[in-house]
Each structure stands twice: as structure tokens, then as C-alpha cells.
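J.: The file below is start_21.cif, mmCIF, C-alpha atoms:
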```cif
data_start
#
loop_
_atom_site.label_atom_id
_atom_site.label_comp_id
_atom_site.auth_asym_id
_atom_site.auth_seq_id
_atom_site.Cartn_x
_atom_site.Cartn_y
_atom_site.Cartn_z
CA MET A 3 76.42 305.76 128.09
CA LEU A 4 79.61 303.71 127.85
CA VAL A 5 80.98 304.00 124.31
CA PRO A 6 83.82 301.53 123.67
CA SER A 7 86.71 302.50 121.48
CA PRO A 8 87.16 300.60 118.18
CA TYR A 9 90.40 299.12 119.54
CA ASN A 10 88.71 297.63 122.60
CA VAL A 11 85.80 296.31 120.58
CA ALA A 12 88.21 294.58 118.20
CA LEU A 13 90.26 293.29 121.12
CA SER A 14 87.28 291.72 122.84
CA PHE A 15 85.96 290.39 119.54
CA ILE A 16 89.10 288.48 118.60
CA ALA A 17 89.71 287.08 122.08
CA ALA A 18 90.10 283.34 122.04
CA ASN A 19 87.08 281.22 122.96
CA VAL A 20 84.82 284.12 122.04
CA MET A 21 84.77 283.32 118.37
CA PRO A 22 84.03 279.81 117.17
CA PRO A 23 87.22 277.75 116.72
CA TYR A 24 86.96 277.97 112.93
CA LEU A 25 87.26 281.78 113.12
CA GLN A 26 90.13 282.07 115.61
CA TRP A 27 92.63 282.21 112.74
CA LEU A 28 91.45 285.77 112.06
CA ARG A 29 93.79 286.86 114.86
CA PHE A 30 96.73 286.00 112.62
CA ILE A 31 95.44 287.39 109.33
CA TRP A 32 98.25 289.93 109.16
CA LEU A 33 100.67 287.24 107.93
CA PRO A 34 98.97 286.45 104.62
CA GLY A 35 97.92 290.10 104.46
CA MET A 36 101.56 291.13 104.46
CA LEU A 37 102.25 288.49 101.82
CA LEU A 38 99.40 289.71 99.64
CA VAL A 39 100.54 293.32 99.83
CA LEU A 40 104.10 292.38 98.86
CA LEU A 41 103.00 290.19 95.96
CA VAL A 42 100.53 292.71 94.55
CA ALA A 43 102.96 295.61 94.90
CA GLN A 44 105.76 293.66 93.22
CA TYR A 45 103.57 292.21 90.47
CA LEU A 46 102.01 295.58 89.56
CA SER A 47 105.43 297.27 89.72
CA TRP A 48 104.23 299.73 92.36
CA ILE A 49 107.46 299.08 94.25
CA ASP A 50 110.65 297.29 93.37
CA LEU A 51 111.86 294.97 96.10
CA THR A 52 114.65 293.42 94.08
CA HIS A 53 117.23 295.80 95.51
CA LEU A 54 116.29 294.75 99.06
CA TYR A 55 117.57 291.22 98.72
CA SER A 56 120.55 289.43 97.29
CA PRO A 57 120.88 285.75 96.30
CA GLN A 58 122.31 285.07 99.77
CA LEU A 59 119.53 286.82 101.73
CA PRO A 60 116.86 284.09 101.32
CA VAL A 61 119.34 281.52 102.63
CA LEU A 62 120.12 283.76 105.60
CA LEU A 63 116.43 284.29 106.46
CA LEU A 64 115.49 280.65 106.03
CA ALA A 65 118.51 279.54 108.11
CA MET A 66 117.49 282.06 110.78
CA ALA A 67 113.96 280.63 110.81
CA ALA A 68 115.36 277.09 111.12
CA LEU A 69 117.69 278.01 113.98
CA LEU A 70 114.96 279.90 115.84
CA SER A 71 112.58 276.99 115.38
CA PHE A 72 115.09 274.67 117.05
CA GLY A 73 115.01 276.88 120.14
CA PHE A 74 111.20 277.12 120.08
CA ARG A 75 110.90 273.36 119.35
CA SER A 76 108.79 274.20 116.34
CA SER A 77 109.48 271.22 114.11
CA ARG A 78 106.96 272.34 111.49
CA VAL A 79 108.68 275.65 110.84
CA ALA A 80 112.09 273.97 110.93
CA LEU A 81 111.10 271.40 108.32
CA ALA A 82 109.48 274.05 106.14
CA ALA A 83 112.51 276.33 106.32
CA LEU A 84 114.96 273.51 105.60
CA LEU A 85 112.88 272.20 102.70
CA ILE A 86 112.52 275.60 101.02
CA MET A 87 116.18 276.38 101.65
CA ALA A 88 117.26 273.04 100.14
CA LEU A 89 115.22 273.75 97.02
CA TYR A 90 116.63 277.27 96.76
CA ILE A 91 120.25 276.11 97.15
CA ALA A 92 119.74 273.27 94.67
CA ALA A 93 118.32 275.69 92.12
CA HIS A 94 121.23 278.09 92.43
CA SER A 95 123.94 275.45 92.52
CA GLN A 96 122.40 273.53 89.60
CA LEU A 97 122.56 270.20 91.40
CA LEU A 98 119.71 268.91 89.23
CA PRO A 99 119.93 269.75 85.53
CA SER A 100 116.15 269.64 85.12
CA LEU A 101 115.39 271.74 88.17
CA HIS A 102 115.17 275.08 86.40
CA ARG A 103 112.96 273.62 83.69
CA ASP A 104 110.57 271.96 86.16
CA LEU A 105 110.90 274.46 88.99
CA PRO A 106 107.10 275.02 89.22
CA LEU A 107 106.65 271.29 89.81
CA TYR A 108 109.20 271.31 92.65
CA LEU A 109 107.57 274.36 94.19
CA SER A 110 104.17 272.67 94.06
CA LEU A 111 105.52 269.55 95.76
CA VAL A 112 107.05 271.66 98.51
CA ALA A 113 103.67 273.34 98.97
CA VAL A 114 102.10 269.89 99.43
CA ASN A 115 104.62 269.11 102.15
CA LEU A 116 103.81 272.37 103.91
CA VAL A 117 100.17 271.28 104.02
CA LEU A 118 101.28 267.98 105.57
CA PHE A 119 103.38 269.85 108.14
CA THR A 120 100.28 271.78 109.17
CA CYS A 121 98.56 268.51 110.12
CA SER A 122 101.34 267.49 112.49
CA ARG A 123 102.28 268.74 115.93
CA ASP A 124 105.34 270.66 116.99
CA ARG A 125 107.99 268.47 118.54
CA SER A 126 111.75 268.48 118.69
CA VAL A 127 113.39 267.96 115.32
CA PHE A 128 116.06 265.83 117.01
CA SER A 129 113.64 263.05 118.00
CA ILE A 130 111.96 259.98 116.56
CA PHE A 131 109.35 262.32 115.15
CA GLY A 132 112.00 264.34 113.31
CA LEU A 133 113.69 261.16 112.08
CA LEU A 134 110.40 259.86 110.68
CA TRP A 135 109.76 263.14 108.88
CA GLY A 136 113.28 263.03 107.45
CA LEU A 137 112.78 259.46 106.20
CA PHE A 138 109.43 260.42 104.71
CA LEU A 139 110.93 263.37 102.82
CA LEU A 140 113.81 261.18 101.64
CA ALA A 141 111.41 258.49 100.42
CA GLU A 142 109.34 261.16 98.71
CA GLY A 143 112.40 262.50 96.91
CA VAL A 144 113.52 259.04 95.80
CA GLY A 145 110.03 258.20 94.59
CA PHE A 146 109.83 261.44 92.67
CA VAL A 147 113.15 260.74 90.91
CA LEU A 148 112.05 257.20 89.99
CA LEU A 149 108.69 258.40 88.63
CA TYR A 150 110.08 261.48 86.94
CA ASP A 151 110.45 260.04 83.44
CA CYS A 152 107.13 258.19 83.32
CA CYS A 153 105.26 261.35 84.33
CA ALA A 154 106.78 263.51 81.59
CA PRO A 155 103.48 264.03 79.71
CA LEU A 156 101.76 265.23 82.86
CA ARG A 157 104.51 267.75 83.54
CA LEU A 158 103.69 269.52 80.31
CA ALA A 159 99.90 269.65 80.29
CA PHE A 160 96.90 267.80 81.63
CA PRO A 161 93.84 267.80 79.31
CA VAL A 162 90.67 268.83 81.08
CA GLU A 163 88.47 266.63 78.90
CA ASN A 164 89.50 263.78 81.21
CA LEU A 165 87.65 265.54 84.02
CA PRO A 166 83.87 265.50 84.60
CA SER A 167 81.98 267.85 82.31
CA GLY A 168 80.78 269.91 85.23
CA LEU A 169 84.35 270.85 86.12
CA SER A 170 85.83 271.32 82.66
CA GLY A 171 83.68 274.37 82.00
CA PHE A 172 85.42 276.31 84.76
CA LEU A 173 88.97 275.42 83.71
CA PRO A 174 91.20 276.29 80.75
CA ASP A 175 91.72 273.83 77.93
CA ALA A 176 94.76 272.38 79.69
CA PHE A 177 96.73 273.02 82.80
CA SER A 178 100.08 271.76 83.97
CA LEU A 179 100.66 269.32 86.78
CA PRO A 180 102.40 272.00 88.92
CA GLN A 181 99.33 274.21 88.63
CA LEU A 182 97.09 271.30 89.61
CA ILE A 183 99.24 270.29 92.59
CA GLY A 184 99.66 273.90 93.70
CA SER A 185 95.94 274.60 93.55
CA VAL A 186 95.05 271.47 95.50
CA SER A 187 97.69 272.22 98.13
CA ALA A 188 96.41 275.77 98.54
CA LEU A 189 92.86 274.53 99.03
CA GLY A 190 94.11 271.95 101.52
CA ALA A 191 96.09 274.56 103.43
CA PHE A 192 93.07 276.85 103.59
CA ALA A 193 90.89 274.03 104.92
CA LEU A 194 93.45 272.97 107.52
CA LEU A 195 93.79 276.56 108.69
CA PHE A 196 90.33 276.30 110.23
CA LEU A 197 91.29 273.10 112.08
CA TYR A 198 94.69 274.25 113.32
CA PRO A 199 94.46 277.99 114.04
CA GLY A 200 97.62 279.69 115.21
CA PRO A 201 100.66 281.67 114.08
CA THR A 202 102.52 278.57 112.89
CA ALA A 203 99.62 277.28 110.82
CA MET A 204 99.12 280.75 109.37
CA GLY A 205 102.81 280.96 108.47
CA LEU A 206 102.72 277.61 106.69
CA PHE A 207 99.49 278.60 104.95
CA SER A 208 101.07 281.85 103.79
CA CYS A 209 104.09 280.01 102.42
CA SER A 210 101.82 277.59 100.57
CA ILE A 211 100.00 280.50 98.93
CA LEU A 212 103.37 282.09 98.14
CA LEU A 213 104.58 278.96 96.37
CA LEU A 214 101.30 278.76 94.45
CA CYS A 215 101.72 282.38 93.34
CA SER A 216 105.26 281.51 92.25
CA VAL A 217 103.86 278.73 90.09
CA TRP A 218 101.09 280.79 88.51
CA LEU A 219 102.85 284.14 88.22
CA SER A 220 106.41 282.87 87.59
CA LEU A 221 107.87 284.96 90.40
CA PRO A 222 111.65 285.10 90.75
CA LEU A 223 112.99 282.38 93.00
CA GLU A 224 114.98 284.94 95.01
CA PHE A 225 111.80 286.86 95.78
CA THR A 226 109.96 283.67 96.74
CA GLY A 227 112.75 282.59 99.08
CA PHE A 228 113.00 286.07 100.58
CA VAL A 229 109.27 286.34 101.38
CA ALA A 230 109.13 282.74 102.64
CA GLY A 231 111.95 283.46 105.09
CA VAL A 232 110.19 286.60 106.33
CA LEU A 233 106.90 284.74 106.78
CA LEU A 234 108.45 281.84 108.70
CA VAL A 235 110.39 284.16 111.01
CA ALA A 236 107.24 286.22 111.55
CA SER A 237 105.28 283.07 112.42
CA LEU A 238 107.84 282.21 115.11
CA LEU A 239 107.62 285.72 116.51
CA GLY A 240 103.84 285.45 116.54
CA ALA A 241 104.03 282.13 118.36
CA SER A 242 106.41 283.60 120.93
CA TYR A 243 104.00 286.51 121.48
CA GLU A 244 101.16 284.05 122.09
CA LEU A 245 103.28 282.20 124.65
CA ALA A 246 104.35 285.38 126.42
CA PHE A 247 101.14 287.41 126.47
CA ARG A 248 98.25 284.95 126.24
CA ASP A 249 96.91 282.45 128.72
CA GLU A 250 96.95 279.00 127.14
CA LEU A 251 93.79 277.68 128.81
CA THR A 252 91.42 280.60 128.31
CA GLY A 253 93.03 282.38 125.37
CA LEU A 254 92.80 285.70 127.23
CA HIS A 255 95.66 288.09 127.75
CA SER A 256 97.93 287.05 130.59
CA ARG A 257 99.06 288.82 133.73
CA ARG A 258 102.22 289.95 131.96
CA ALA A 259 100.08 291.61 129.29
CA PHE A 260 98.10 293.37 132.01
CA ARG A 261 101.31 294.74 133.50
CA TYR A 262 102.29 296.18 130.12
CA GLN A 263 98.78 297.58 129.64
CA MET A 264 99.07 299.47 132.91
CA LEU A 265 102.25 301.19 131.78
CA THR A 266 100.21 303.42 129.47
CA PRO A 267 96.60 303.49 130.74
CA ALA A 268 93.94 305.93 129.59
CA TRP A 269 93.27 309.14 131.52
CA ASN A 270 89.91 307.83 132.72
CA TYR A 271 89.53 304.12 133.31
CA SER A 272 88.30 301.54 135.78
CA LEU A 273 89.55 298.15 136.88
CA ALA A 274 87.25 295.27 137.77
CA MET A 275 88.40 292.17 139.62
CA VAL A 276 86.36 289.04 138.88
CA ASP A 277 86.58 285.86 140.95
CA ILE A 278 84.73 282.55 140.45
CA ASP A 279 82.74 281.68 143.56
CA HIS A 280 83.55 278.42 145.37
CA PHE A 281 86.04 277.44 142.69
CA LYS A 282 87.98 275.13 145.00
CA LYS A 283 84.81 273.23 145.88
CA LEU A 284 84.04 272.91 142.18
CA ASN A 285 87.46 271.39 141.55
CA ASP A 286 87.26 269.07 144.57
CA ARG A 287 83.79 267.80 143.65
CA TYR A 288 84.00 267.45 139.88
CA GLY A 289 87.73 267.47 139.15
CA HIS A 290 90.11 269.91 137.53
CA GLN A 291 88.80 269.25 134.04
CA VAL A 292 85.42 270.65 135.02
CA GLY A 293 87.23 273.53 136.69
CA ASP A 294 88.95 274.22 133.39
CA GLN A 295 85.56 274.24 131.67
CA ALA A 296 84.31 276.80 134.17
CA LEU A 297 87.36 278.99 133.61
CA GLN A 298 86.90 278.85 129.85
CA MET A 299 83.21 279.66 130.11
CA VAL A 300 83.75 282.64 132.42
CA ALA A 301 86.62 283.91 130.25
CA ALA A 302 84.46 283.67 127.14
CA GLN A 303 81.57 285.55 128.75
CA LEU A 304 83.85 288.28 130.08
CA ALA A 305 85.58 288.82 126.75
CA ARG A 306 82.36 288.63 124.73
CA HIS A 307 80.27 291.08 126.77
CA SER A 308 82.78 293.52 128.25
CA HIS A 309 83.84 296.58 126.28
CA GLY A 310 87.38 296.53 127.57
CA ALA A 311 90.43 294.30 127.65
CA VAL A 312 90.15 291.13 129.76
CA PHE A 313 93.12 289.47 131.44
CA ARG A 314 93.52 286.28 133.42
CA TYR A 315 95.20 287.57 136.54
CA GLY A 316 95.85 284.22 138.17
CA GLY A 317 93.98 281.09 139.21
CA GLU A 318 90.27 281.85 139.06
CA GLU A 319 90.73 285.62 139.07
CA PHE A 320 90.32 287.93 136.08
CA VAL A 321 90.86 291.65 135.55
CA ILE A 322 88.83 293.83 133.20
CA TYR A 323 90.31 297.12 132.02
CA LEU A 324 87.48 299.52 131.18
CA PRO A 325 88.44 302.86 129.62
CA GLY A 326 85.98 305.74 129.61
CA ARG A 327 84.46 308.31 131.92
CA SER A 328 80.96 306.98 132.61
CA ARG A 329 81.15 305.03 135.87
CA GLU A 330 77.44 304.22 136.02
CA ALA A 331 77.51 302.64 132.57
CA LYS A 332 80.47 300.48 133.55
CA GLU A 333 78.73 299.26 136.70
CA VAL A 334 75.58 298.43 134.73
CA LEU A 335 77.69 296.54 132.22
CA LEU A 336 79.47 294.54 134.91
CA GLU A 337 76.16 293.69 136.56
CA LYS A 338 74.84 292.37 133.24
CA ILE A 339 77.98 290.27 132.80
CA ARG A 340 77.52 288.81 136.28
CA GLU A 341 73.92 287.88 135.46
CA LYS A 342 74.88 286.28 132.15
CA ILE A 343 77.50 284.11 133.83
CA SER A 344 75.14 283.01 136.61
CA SER A 345 72.47 282.06 134.07
CA TYR A 346 74.81 280.32 131.62
CA PRO A 347 73.95 276.58 131.30
CA LEU A 348 77.37 275.05 131.82
CA ARG A 349 77.06 271.32 131.26
CA LEU A 350 79.67 268.76 132.17
CA ARG A 351 81.55 267.16 129.32
CA SER A 352 83.22 263.82 129.37
CA SER A 353 87.00 263.73 129.13
CA GLY A 354 86.73 262.59 125.51
CA ARG A 355 84.97 265.82 124.57
CA LEU A 356 87.18 268.26 126.43
CA ALA A 357 89.40 268.89 123.43
CA ALA A 358 86.52 269.33 121.03
CA GLY A 359 86.65 273.11 121.34
CA ALA A 360 84.59 276.02 122.50
CA SER A 361 81.71 275.23 120.18
CA LEU A 362 80.56 272.49 122.58
CA ARG A 363 80.22 274.75 125.60
CA GLY A 364 76.72 274.79 126.95
CA LYS A 365 75.55 272.13 124.49
CA GLY A 366 74.82 268.47 124.62
CA GLY A 367 73.88 266.30 127.56
CA GLY A 368 75.42 266.18 130.97
CA LYS A 369 74.63 267.54 134.40
CA PRO A 370 74.33 271.35 134.50
CA VAL A 371 76.59 273.17 136.95
CA LYS A 372 75.78 276.64 138.23
CA VAL A 373 78.80 278.93 138.17
CA THR A 374 78.70 282.41 139.66
CA VAL A 375 81.24 285.19 140.05
CA SER A 376 81.87 288.04 142.45
CA ILE A 377 83.04 291.35 141.02
CA GLY A 378 84.80 294.29 142.59
CA VAL A 379 85.36 297.51 140.66
CA ALA A 380 87.34 300.68 141.36
CA HIS A 381 87.40 303.86 139.31
CA ARG A 382 90.29 306.25 138.81
CA ASN A 383 89.71 309.46 140.75
CA LYS A 384 91.62 312.11 142.65
CA LYS A 385 92.50 309.68 145.45
CA LEU A 386 93.17 306.69 143.25
CA LYS A 387 95.54 307.70 140.48
CA LYS A 388 98.19 304.99 140.25
CA PRO A 389 97.31 301.65 138.65
CA GLU A 390 98.58 299.80 141.72
CA SER A 391 96.25 301.66 144.05
CA ILE A 392 93.26 301.23 141.71
CA LEU A 393 93.91 297.50 141.44
CA LYS A 394 94.23 297.21 145.21
CA ALA A 395 90.95 299.09 145.66
CA ALA A 396 89.23 296.77 143.17
CA ASP A 397 90.59 293.78 145.08
CA GLN A 398 89.22 295.20 148.33
CA ALA A 399 85.84 295.68 146.67
CA LEU A 400 85.99 292.07 145.49
CA TYR A 401 86.51 290.78 149.02
CA LYS A 402 83.61 292.96 150.13
CA ALA A 403 81.44 291.23 147.53
CA LYS A 404 82.64 287.87 148.84
CA ARG A 405 81.70 288.79 152.38
CA SER A 406 78.30 290.01 151.21
CA GLY A 407 77.29 286.55 150.06
CA ARG A 408 79.04 286.24 146.68
CA ASN A 409 77.44 286.45 143.23
CA CYS A 410 77.23 290.22 143.44
CA LEU A 411 78.97 293.43 142.39
CA SER A 412 80.74 295.71 144.84
CA VAL A 413 82.03 299.19 144.05
CA HIS A 414 84.93 300.73 145.92
CA SER A 415 83.89 303.98 147.56
#
```
Is it possible to express this structure as C-alpha cells?
T.:
Amino acid sequence: MLVPSPYNVALSFIAANVMPPYLQWLRFIWLPGMLLVLLVAQYLSWIDLTHLYSPQLPVLLLAMAALLSFGFRSSRVALAALLIMALYIAAHSQLLPSLHRDLPLYLSLVAVNLVLFTCSRDRSVFSIFGLLWGLFLLAEGVGFVLLYDCCAPLRLAFPVENLPSGLSGFLPDAFSLPQLIGSVSALGAFALLFLYPGPTAMGLFSCSILLLCSVWLSLPLEFTGFVAGVLLVASLLGASYELAFRDELTGLHSRRAFRYQMLTPAWNYSLAMVDIDHFKKLNDRYGHQVGDQALQMVAAQLARHSHGAVFRYGGEEFVIYLPGRSREAKEVLLEKIREKISSYPLRLRSSGRLAAGASLRGKGGGKPVKVTVSIGVAHRNKKLKKPESILKAADQALYKAKRSGRNCLSVHS
């Protein structure tokens, strides 16, 4: 019996388009996880991170994140880094006399802006889009200065008796405006995380939670700036990893990732080549959008039901890396995958529904299209030891399946 390793099970589980769109953000959970570990360790005095940073280090990290975001054209990270860095520099240079006194309020407002950044798309900062964001932030700052004096009572405390009775029972007698704004921004960031999954959204979400913790726990500003810089740089690195090693259309690992996987394969493994039958005819008859739907469906089925790592090799071809010794179990598994794909009710979607996400696959009206695949598999043995030779043998088995009528599995002998 084929027993998958925990790593391969997790890998196939978190593959894009396998999970519903609202759960894809779990792939990037390490960002807030790292934040949570740092905050808990610092707050409980398990470790002392104060000696790791100086007053200049947050500026260096945030400036690094801003410069990297210019190269990656990540306007959201750039705006977040510049906004946090401006607040940090203003606090240390004492540009605003009231800044230290009302620092929690400023931090909460920055958190609100981070939530707004999450709703936007990444574009060049040096564009009309960047200019509009700059004007918006400027208008927000001017409006805040003009309304600062009239909102003085709210900055101190907000009585909960003004709220509905059902809510006041769960809240303290009074809470400050920074705590209110920070809590609302954190809830908004958490909600938007489901709508905009990705490393950038997770980085902005983590920074929003960080600013909220700074408001509630009165964390040192140097520590807040230090962790924010680390999180924003890490989000850019995560985004670059997604670009380099994941296929944008299917969410699977790319051909480059497969090449790196084959540098350190297991001692016993098999490679399966999967090709969509008559894919060119499908594109010519229904258009490339329907072809994209077919690719996404096949990728989802492969990643969901295989116990190995799945890669998009190119075009309509996929490669499955199956570790383990049991060849018979692998062949039975591949045959089941082939049957699931051939029986999957792929229904055409209109162009307006193409961007609605994976949750619409196989649902709703539309003409059903039958999609089948041919599979060729080769196992590592005494004759086939190098990854290149095993892949070539699997490709030969794939062409044998094509010649045998397609929609079948062929094993290299």
C-alpha cells in the first residue's frame, strides 16, 4: 500500500485551487506565526530582543522593504513601508509635539490605511495610481490635523453606554478611540485576507495585527518598527518565491520547482507524465478561456488526489513526483486519478465568471465538456537511475498511451 509522507500530504493539501479560495491564505500562515512568536516571547520576557535592534535599524529595514517593493512593483508594500517609516521618524524627531502622547491613535490610523492597501492592486508607485494614493494620504493627514482638537474627548475614552446593550456587556466600561480603531482595522484585515490571499496581503495583515498589539500592549516603538520591517521584507520574499516557483494559472509548482526537486530525489520514486487529450481542439473550439478552465480543473484533481508533488511541466503537460517503493499502489492511484478527471463535470463558464475562483468549478449552468488525460509512468530501477532518464521513460510511456487511444495509463517497461 502506498503510504504518503506527511510532507507530501501537506504539499498536496495546500496546493492552490485544491482548497477553496477562502482557505488559500493558509499557505502563508508563517508570517503572522512568526509575528506571534516574537510578540509572545518578548511580552513574557522569555527572550530579550532589544539588543538586536537599534533606533536606526527599523528605518533601515523599512527603507529596504520600500526599495525592494519598487523593483517588484509592489505599491502596497511600498506605501505601507513608507507610512510606517514616516511615523517612526516623526516620533523620534519630535516633529509633532503631541505625537508621543497620542501615539496609539497614530498607530491605529496607520493600521486602517494598511487595510485599505490590502483592497487595492499592486501597481507602480510612480504612476497615476501612486499619485492618487499620495494625495489621499495627504488629505487624510490634513483632515486629521483639522479635526484633532474637536475629537479630544474621544481620544481619551469612549463610553460604552452609547453602544447597544447587547454589545456593552462584552466590553469594558470605556475604551479609547485608538483601541476602537485598531480593533476594527484588525477585523477588517482578517476579513480581507480571505478575499485577497497571498504573501503581500498576509504581510499587510501581520503589520495590522502588530500595530494593534502595539496599541493594546504599549510595545516599544523601536520593536514595532523592527518587526514591521521584517514582516514587509518577508512578504516581498514570499511574493518572489510565488513568482519563481509557482504557476500563476494553476497554482501548482512550476517547471523550475520540478528541476530543483530532482536535485535531491528520494531513493525510491516514480515520475508520471500527464497530458490533456485533444487540448488544441478544445482551445480551437471553445477558446483559450475554456482551455484555462480545463487546465485548472486537471491541476486541482491531480493535486487533490495524488500523494506526491504535482508540477506544471509546460502547456497541457503535468508531472507527478511519487516517492515510495510500492509500484502497484502508485499505478492504482494514477488510474483512479484518470477516472476522476474523465468523470468530472466541467461546465463552461461565461467570461464574467472566470475570475470568480475555484469554488465555481463544476457548478452552475453551462454546457458540460468532457476532459480526459493520458498518463505515462516510469519507476526508478537498476536501469533507470538518473532523473533525466526516468522522466524520458515516463514521456515515452505517455506517447504510448496516446497511441493506444488516449484516456489511459501506460507504464514504462
J.: Anything within 10 Å of (107.2, 285.3, 103.7): list those residues as a ChimeraX atom specification, counting only C-alpha atoms and sticking to the file's coordinates.
T.: /A:33-34,36-38,40,63-64,205-206,208-212,225-237
J.: If the PyMOL selection byres ((chain A and resi 329) around 10) were run on this exact file, what residues would it hold? Put them as a count of residues only.
T.: 20
J.: Around (103.7, 283.7, 116.4), as given in the file, which residues come within 10 Å? Count all atoms listed in the file and list them as a list in words.
T.: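 Checked against the point, the hits come out as Phe30, Leu33, Gly200, Pro201, Thr202, Ala203, Met204, Gly205, Leu234, Val235, Ala236, Ser237, Leu238, Leu239, Gly240, Ala241, Ser242, Tyr243, Glu244 and Leu245 of chain A.
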J.: Take the residues from that selection and put them in a file with C-alpha atoms, as a short mmCIF file (atom, residue, chain, number, x, y, z; two decimals), keeping the file's coordinate frame.
T.:
```cif
data_model
loop_
_atom_site.label_atom_id
_atom_site.label_comp_id
_atom_site.auth_asym_id
_atom_site.auth_seq_id
_atom_site.Cartn_x
_atom_site.Cartn_y
_atom_site.Cartn_z
CA PHE A 30 96.73 286.00 112.62
CA LEU A 33 100.67 287.24 107.93
CA GLY A 200 97.62 279.69 115.21
CA PRO A 201 100.66 281.67 114.08
CA THR A 202 102.52 278.57 112.89
CA ALA A 203 99.62 277.28 110.82
CA MET A 204 99.12 280.75 109.37
CA GLY A 205 102.81 280.96 108.47
CA LEU A 234 108.45 281.84 108.70
CA VAL A 235 110.39 284.16 111.01
CA ALA A 236 107.24 286.22 111.55
CA SER A 237 105.28 283.07 112.42
CA LEU A 238 107.84 282.21 115.11
CA LEU A 239 107.62 285.72 116.51
CA GLY A 240 103.84 285.45 116.54
CA ALA A 241 104.03 282.13 118.36
CA SER A 242 106.41 283.60 120.93
CA TYR A 243 104.00 286.51 121.48
CA GLU A 244 101.16 284.05 122.09
CA LEU A 245 103.28 282.20 124.65
#
```
J.: With a distance cut-off of 10 Å and only C-alpha atoms, select the neighbouring residues of Ser122 in chain A, excluding the residue or stretch itself and same-chain residues fewer than 4 positions from it, and output the selection as a tab-separated table (two decimals) with C-alpha atoms, keeping the file's coordinate frame.
T.:
```tsv
chain	number	residue	atom	x	y	z
A	77	SER	CA	109.48	271.22	114.11
A	78	ARG	CA	106.96	272.34	111.49
A	117	VAL	CA	100.17	271.28	104.02
A	118	LEU	CA	101.28	267.98	105.57
A	131	PHE	CA	109.35	262.32	115.15
A	198	TYR	CA	94.69	274.25	113.32
```
J.: Mind giving me the straight-line distance from CA of Asp124 in chain A to CA of Arg75 in chain A in Å, one decimal?
T.: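 Straight-line distance from CA of Asp124 in chain A to CA of Arg75 in chain A works out to 6.6 Å.
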J.: Please indicate the distance in Å from CA of Val127 in chain A to CA of Pro57 in chain A, rounded to one decimal place.
T.: 27.1 Å
J.: Specify as a list in words each residue included when the PyMOL selection byres ((chain A and resi 408) around 10) is applied to this file.
T.: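 In the shown coordinates, the PyMOL selection byres ((chain A and resi 408) around 10) covers Asp277, Ile278, Asp279, His280, Thr374, Val375, Ser376, Ile377, Leu400, Tyr401, Lys402, Ala403, Lys404, Arg405, Ser406, Gly407, Asn409, Cys410, Leu411 and Ser412 of chain A.
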J.: CA of Ile343 in chain A and CA of Ala396 in chain A are how many Å apart?
T.: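 These atoms are spaced 19.6 Å apart.
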J.: How big is the axis-aligned box around all listed atoms of range 61-75 of chain A once 3 Å goes on each side, and where's its centre, in Å to one decimal, as JSON?
T.:
```
{"center_x": 115.5, "center_y": 278.8, "center_z": 111.4, "size_x": 15.2, "size_y": 16.9, "size_z": 23.5}
```
J.: Carefully work through the PyMOL selection byres ((chain A and resi 125) around 12) for this structure and note down the residues it includes, as a list in words.
T.: Ser71, Phe72, Gly73, Phe74, Arg75, Ser76, Ser77, Arg78, Val79, Ala80, Leu81, Phe119, Ser122, Arg123, Asp124, Ser126, Val127, Phe128, Ser129, Ile130, Phe131, Gly132, Leu133, Leu134 and Trp135 of chain A
J.: Nearest residue to Cys215 in chain A out of A:Val61, A:Ala88, A:Ala395, A:Ala113, using only C-alpha atoms?
T.: A:Ala113
